[in-house]
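Below is one structure, written out as structure tokens, with a few remarks after it.
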Amino acid sequence: MAAMALGIAVIAGTYGWHVLSPRNTGWMLEGTIGPDPVQYWLGWTYFARSPWAWPPGANPDWGLEVGSSIFFSDSIPLLAFAFKALRPLVEVPQYWGLWLFACGALQALLAWRLIGLVTKDPLARLAGAALFVLQPILLNRLGGHFALGGQFLLLAALYLCLTVAPPWRRLAAWVALVLAASLIHAYLLPMVAGLWATDWLARAWPRERRPLPLTIEALAVPGAGLAGLWAAGFFLLGGGIGGTWGGFGAMQLDLLAPFDPSHWGRFLPQLPRANHLEGRDSYLGLGTLLLLLAGAGAFLWRPRPFLARRWPLLAGLAVLLAIAVTHRVSVGGQIVLVLAELPAPVLAAADALRASVRFFWPLAYALVLGAIAALAHALGGRRTGLLLAGLLLVQLADLQPGFARLAHYFPPAPATAPLRLADPFWMTATARYQRIRLAPTGMQARHWEEVAVLSATRGLPTDAVYLARIDPARVAALNAATLRRLASGAYEPGSLYVLGDDAMLAAARAGMDPARDLLERFDGVWVLAPGWHAAVTASPAGQSRTARGENQGSAPPAG
């Protein structure tokens, strides 16, 4: 309980208590954090209002033809399923504040359990648990990429790798953990699955072990991961799984990154870094670096002959590190070595994990635990606890610039954020039309955010999207069809068109009938309202497209 309280205190001190209330959505939507929290909220809002579909994670109202599922809005399908099931009893506008605090508490709890494997000293366990929470690799993610804050899954996987349990209980634990990872975030799943593989290999290697539970486990654990992906709607995406920018090897772990304070550290000098979006996010903190140095010295002074027995885990961590570094080895922002050019099919598959720098996390946590274990063996638990308490203070002092930066992103905010499209026209139009089309649409197309938030607030489907992955072929086909409709004046019944570029605006001008249609600019946004000057039946706002019984021709394939 004390460890969990420390984890909660770190989260409260870093992000503030105001994010906790499920009724408070303003901090997510006002824009200080960036577009990602808006994406999460939109995915959840549309998903919560729509009827259950097959697979359960299908989310057709957000994106229409280019939409997919709750999985690709990074809305934590595990929680989305739970709160959607509870919606008849309680409505939860946002659950990410609860998630942030749960991540802090669970990270500390699992760290307490892990450190308990090497020392029973309470001070060592508490100070060590706090160090596990005070990691920039965690706090960075909770500062925007909320689902990736579920790094307690990695600690749970390490715990299973380092403990012994009856075969069937171990099987159930791994099935539950891999299933949970598949329903939280795509990057956490292969990390957890990779650690499971090392544990399975460690238990299967001695031939005298009972084969039946291990055989069943070899099928059940991957099956649980695939089942979770299916339920969350991962397989609804037809193409574009590699993403719309970057690729494997472009967002790798620079070998200086764990030592580069970037915007987090106060004491160490800045180092040259990789020029990509996550090049600043792997700093460990001065307290942790000193811990690793002290742990290495303690191991050299009084080595423990346990590493040979852990060779599958060490090999697995080395593989994860290799994925993080990639075949393009970077030091100080310079590619110093290209090990081999990967075959095109392999590279295309690896592009799905383009932000490979994240695969450093399991090794980082394993190193922290290993350093504490070496110190406890050399110094004893009590002196290790005092040393960890001192290093915790160093870590806190060093990370002050990072805390100040996050405080800027998470200021106290009103419970709700005002709509950016505030002209009275929008309220009238969203009562008359059944959906809002963004022309052209695509990944973060112009005006996507204000149009999508307006649509979600008014209960209308829209193709204005920002998703983790999107099928470029569907986007191109939809934009071509929309351009033809606008140019010919053969509009989709019930659609309001927001025009985002000159080509769509020119097509709208060519195809409109001024006596029937409205082409005007509101809040700086060009809008085509077909049939505006004729009588239009009000749209039943607030219902999903499927609940209203609309034509499903605009639903994504297999949605």
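Letters A, B, ... go to the chains of the structure tokens in the order shown; residues in each chain start at 1; ligands are counted from 1 in the same order.
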
So which residues touch A:Met1 within 8 Å, counting only C-alpha atoms, skipping near sequence neighbours fewer than 3 positions away, as a PDB file with N, CA and C atoms, in the first residue's frame?
ATOM      1  N   MET A   4       2.193   1.736  -3.536  1.00  0.00           N
ATOM      2  CA  MET A   4       1.147   2.262  -4.421  1.00  0.00           C
ATOM      3  C   MET A   4       0.861   3.724  -4.121  1.00  0.00           C
ATOM      4  N   ALA A   5       0.898   4.091  -2.849  1.00  0.00           N
ATOM      5  CA  ALA A   5       0.691   5.493  -2.486  1.00  0.00           C
ATOM      6  C   ALA A   5       1.800   6.375  -3.058  1.00  0.00           C
ATOM      7  N   LEU A 109       3.602  -0.954  -7.406  1.00  0.00           N
ATOM      8  CA  LEU A 109       3.281  -2.236  -6.782  1.00  0.00           C
ATOM      9  C   LEU A 109       4.121  -3.364  -7.379  1.00  0.00           C
TER      10      LEU A 109
END

Which of stretch 364-507 of chain A DSSP labels helix (DSSP H, G or I), written as JSON, numbers by chain: {"A": [364, 365, 366, 367, 368, 369, 370, 371, 372, 373, 374, 375, 376, 377, 378, 379, 381, 382, 383, 384, 385, 386, 387, 388, 389, 390, 391, 392, 393, 394, 395, 396, 397, 398, 400, 401, 402, 403, 404, 405, 406, 407, 408, 409, 424, 425, 426, 427, 428, 429, 430, 431, 432, 448, 449, 450, 451, 452, 453, 454, 455, 456, 457, 458, 472, 473, 474, 475, 476, 477, 478, 479, 480, 481, 482, 483, 484, 485, 486, 487, 488, 502, 503, 504, 505, 506, 507]}

Could you make a table, as JSON lines, of the residues of stretch 131-238 of chain A that have an atom within 8 Å of an atom of stretch 355-363 of chain A, each with its nearest atom pair and distance in Å to one decimal, counting only C-alpha atoms, in chain and number order?
{"residue": "A:Ile137", "atom": "CA", "partner": "A:Trp361", "partner_atom": "CA", "distance": 7.3}
{"residue": "A:Leu154", "atom": "CA", "partner": "A:Pro362", "partner_atom": "CA", "distance": 6.2}
{"residue": "A:Leu155", "atom": "CA", "partner": "A:Pro362", "partner_atom": "CA", "distance": 8.0}
{"residue": "A:Tyr187", "atom": "CA", "partner": "A:Arg358", "partner_atom": "CA", "distance": 7.8}
{"residue": "A:Met191", "atom": "CA", "partner": "A:Phe359", "partner_atom": "CA", "distance": 6.9}

Please produce an output containing N, CA and C atoms for each residue in the selection, written as a PDB file, in the first residue's frame.
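In the end it all went to part_5.pdb:
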ATOM      1  N   ILE A 137      11.145   7.381 -19.235  1.00  0.00           N
ATOM      2  CA  ILE A 137      10.549   6.530 -20.259  1.00  0.00           C
ATOM      3  C   ILE A 137       9.092   6.224 -19.932  1.00  0.00           C
ATOM      4  N   LEU A 154       5.273  -4.808 -18.366  1.00  0.00           N
ATOM      5  CA  LEU A 154       6.639  -5.288 -18.528  1.00  0.00           C
ATOM      6  C   LEU A 154       7.206  -5.766 -17.195  1.00  0.00           C
ATOM      7  N   LEU A 155       6.882  -5.045 -16.130  1.00  0.00           N
ATOM      8  CA  LEU A 155       7.342  -5.479 -14.807  1.00  0.00           C
ATOM      9  C   LEU A 155       6.680  -6.790 -14.411  1.00  0.00           C
ATOM     10  N   TYR A 187       2.404  -1.896 -29.131  1.00  0.00           N
ATOM     11  CA  TYR A 187       3.834  -1.999 -28.863  1.00  0.00           C
ATOM     12  C   TYR A 187       4.123  -2.811 -27.602  1.00  0.00           C
ATOM     13  N   MET A 191       6.548  -6.898 -26.723  1.00  0.00           N
ATOM     14  CA  MET A 191       7.502  -6.909 -25.616  1.00  0.00           C
ATOM     15  C   MET A 191       7.117  -7.968 -24.582  1.00  0.00           C
TER      16      MET A 191
END

Residue nearest A:Val329 - candidates A:Leu478, A:Ala371, A:Leu307, A:Ala250, atoms counted: only C-alpha atoms: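 The closest residue to A:Val329 is A:Ala250.
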
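Every protein, DNA or RNA residue with an atom at most 10 Å from A:Leu339, where only C-alpha atoms count and chain neighbours fewer than 5 positions away do not, is listed here: Thr326, His327, Arg328 and Val329 of chain A.
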
Let me see the file: selected residues, N, CA, C and O atoms, as a PDB file, in the first residue's frame.
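That gives us result-v1.pdb:
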ATOM      1  N   THR A 326      17.965  -1.447 -34.119  1.00  0.00           N
ATOM      2  CA  THR A 326      17.701  -1.758 -35.530  1.00  0.00           C
ATOM      3  C   THR A 326      19.010  -2.036 -36.269  1.00  0.00           C
ATOM      4  O   THR A 326      20.097  -2.030 -35.682  1.00  0.00           O
ATOM      5  N   HIS A 327      18.885  -2.258 -37.555  1.00  0.00           N
ATOM      6  CA  HIS A 327      20.047  -2.541 -38.387  1.00  0.00           C
ATOM      7  C   HIS A 327      20.826  -1.277 -38.732  1.00  0.00           C
ATOM      8  O   HIS A 327      21.914  -1.358 -39.317  1.00  0.00           O
ATOM      9  N   ARG A 328      20.260  -0.110 -38.375  1.00  0.00           N
ATOM     10  CA  ARG A 328      20.935   1.166 -38.636  1.00  0.00           C
ATOM     11  C   ARG A 328      21.398   1.733 -37.294  1.00  0.00           C
ATOM     12  O   ARG A 328      20.659   2.396 -36.589  1.00  0.00           O
ATOM     13  N   VAL A 329      22.643   1.464 -36.951  1.00  0.00           N
ATOM     14  CA  VAL A 329      23.160   1.799 -35.620  1.00  0.00           C
ATOM     15  C   VAL A 329      23.493   3.291 -35.576  1.00  0.00           C
ATOM     16  O   VAL A 329      24.267   3.799 -36.388  1.00  0.00           O
TER      17      VAL A 329
END

Among the residues A:Ala296, A:Leu406, A:Leu148, A:Val331, the one that comes closest to A:Ile33 [using only C-alpha atoms]: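 The answer is A:Leu406, which sits nearest to A:Ile33.
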
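Among the candidates A:Ile335, A:Ala232, A:Val221, A:Ala2, the residue lying nearest to A:Ala80 is A:Ala232 (atoms considered: only C-alpha atoms).
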
Selected residue of minimal separation from A:Ala348 among A:Val92, A:Val465, A:Ile241, A:Ala147, counting only C-alpha atoms: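 Nearest to A:Ala348: A:Ile241.
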
Close residues, A:Arg170 itself excluded, 10 Å, only C-alpha atoms, min 3 positions apart in chain, as JSON, numbers by chain: {"A": [160, 161, 163, 164, 165, 166, 167, 173, 174, 175, 176, 200, 213, 214, 217]}

Pick from A:Val498, A:Trp54, A:Leu142, A:Ser21 nearest to A:Arg446, counting only C-alpha atoms: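 With only C-alpha atoms as the atom set, the closest residue is A:Val498.
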
Residue list (strand (DSSP E), DSSP) for stretch 140-370 of chain A, as number ranges by chain: A: 328-331, 334-338

Length of the atom CA of A:Leu467 to atom CA of A:Trp230 vector [Å]: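 Those two atoms sit 17.5 Å apart.
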
For A:Ala181, the nearest of the candidates A:Gly233, A:Pro77, A:Gly128, A:Gly16, counting only C-alpha atoms: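 Among A:Gly233, A:Pro77, A:Gly128, A:Gly16, it is A:Pro77 that comes nearest to A:Ala181.
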
Residues within 12 Å of A:Thr457, only C-alpha atoms, excluding chain neighbours under 5 positions, as a VMD selection string: chain A and resid 29 41 to 42 45 to 46 49 93 416 to 421 426 to 427 430 to 431 450 to 452 462 541 to 543

Straight-line distance linking atom CA of A:Phe248 with atom CA of A:Ala350, stated in Å to one decimal: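 Interatomic distance, atom CA of A:Phe248 to atom CA of A:Ala350: 5.7 Å.
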
Close residues, A:Gly494 itself excluded, 7 Å, only C-alpha atoms, min 3 positions apart in chain, as a PyMOL selection string: chain A and resi 433-435

Output N, CA and C atoms of each residue in that selection to a file, as an mmCIF file, in the first residue's frame.
data_model
loop_
_atom_site.group_PDB
_atom_site.id
_atom_site.type_symbol
_atom_site.label_atom_id
_atom_site.label_comp_id
_atom_site.auth_asym_id
_atom_site.auth_seq_id
_atom_site.Cartn_x
_atom_site.Cartn_y
_atom_site.Cartn_z
ATOM 1 N N TYR A 433 -28.282 17.769 -40.786
ATOM 2 C CA TYR A 433 -27.571 16.774 -41.584
ATOM 3 C C TYR A 433 -27.255 15.544 -40.748
ATOM 4 N N GLN A 434 -26.989 14.443 -41.445
ATOM 5 C CA GLN A 434 -26.786 13.165 -40.781
ATOM 6 C C GLN A 434 -25.320 12.797 -40.594
ATOM 7 N N ARG A 435 -24.437 13.446 -41.302
ATOM 8 C CA ARG A 435 -23.005 13.169 -41.172
ATOM 9 C C ARG A 435 -22.228 14.377 -41.700
#

Interatomic distance, atom CA of A:Tyr491 to atom CA of A:Pro530 (Å, one decimal): 7.1 Å
